[in-house]
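Student: So that we are looking at the same thing, I have put the structure below in structure tokens.
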Amino acid sequence: MSMLPPPPPQPPYPTGGAPFLPPSPKQRWTGRIVGGVLALGVAGATAQFLFGDAVDSGLPRAKYELALPQRLMDDEFVLAQDLSGTEGRKIEDRSRGTWGAEDIHALVALYDRGDNGTDGTMVVSGVYGRFSHQGTVRRAMLEGATGASRATVAGPAKDVTPPGSDIVVSCQVLHDTASDVELAYPACAWADGNTGAVVVAADLTTEDPADVDLDAAARDTLKIRTEMLRPVG
């Protein structure tokens, strides 16, 4: 009796008759970033609020809130997954009653550049409301982002104030050698007392940490901030 070969694997979604193909290394890396978003939501963007037990009444007035546009960076990145209802809710729950944070709302999302992120991907984990200690919040968000990845930190964090702005952006280079594709990419964070976010973006082509331009990444982060800002009310 002859042994029949096992049936071919079935694709997870309709392909219109196209043969099943395994994901490319870039697509696998994009999937790993989705998992990183989950870690960012819990370990990164929440940690900045764990400063104490009492609510500080001397907090700045909220003038803006954040939104997740369908597209960011002049339509370069397209919203792929909104995790605000799950990971964002965890951030909000953890911030209640903590010292230095009040009326906190959180957004967590994955953006793709190219089909399925094959030309690049970006994670945005942000909060808006009223909070103090902007420098501490910014650094904690950045540390949370770097800690959420298997990548190593390549060099010290850099504070950048882009020309024409009074917003300080803290940036760091991450170097990932644990996946199939070696990657170097920036993580940047801002906090202004009303809004804050950490942005982790990779173009999937940069391998050497020395090739990552943190000044350019800081400018891009402020552009993303501008595109996400909405006046309160």
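The chains in the structure tokens are called A, B, ... from first to last as shown; in each chain the residues are counted from 1, and the ligands are counted from 1 in the order shown.
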Tell me which protein, DNA and RNA residues are within 8 Å of region 194-204 of chain A, counting only C-alpha atoms, leaving out same-chain ones fewer than 5 positions away, and put them as an MDAnalysis selection string.

Tutor: chainID A and resid 26 45 60:66 118:131 138 141:142 145 183:189 221

Student: Among region 53-224 of chain A, which residues carry a DSSP assignment of alpha helix (DSSP H), reported as a count of residues only?

Tutor: 32

Student: So the first atom is CA of Ala109 (chain A) and the second is CA of Leu83 (chain A); what is the distance between them in Å, to one decimal place?

Tutor: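 Computed distance, CA of Ala109 (chain A) to CA of Leu83 (chain A), equals 5.5 Å.
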
Student: What is the CA of His133 (chain A) to CA of Asp192 (chain A) distance in Å?

Tutor: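 Separation of CA of His133 (chain A) and CA of Asp192 (chain A): 9.1 Å.
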
Student: Taking only C-alpha atoms into account, name the residue in A:Gly85, A:Pro69, A:Gly135, A:Gly164 that is nearest to Tyr111 (chain A).

Tutor: A:Pro69

Student: Enter the distance from CA of Thr152 (chain A) to CA of Glu207 (chain A), in Å, rounded to one decimal.

Tutor: 12.9 Å
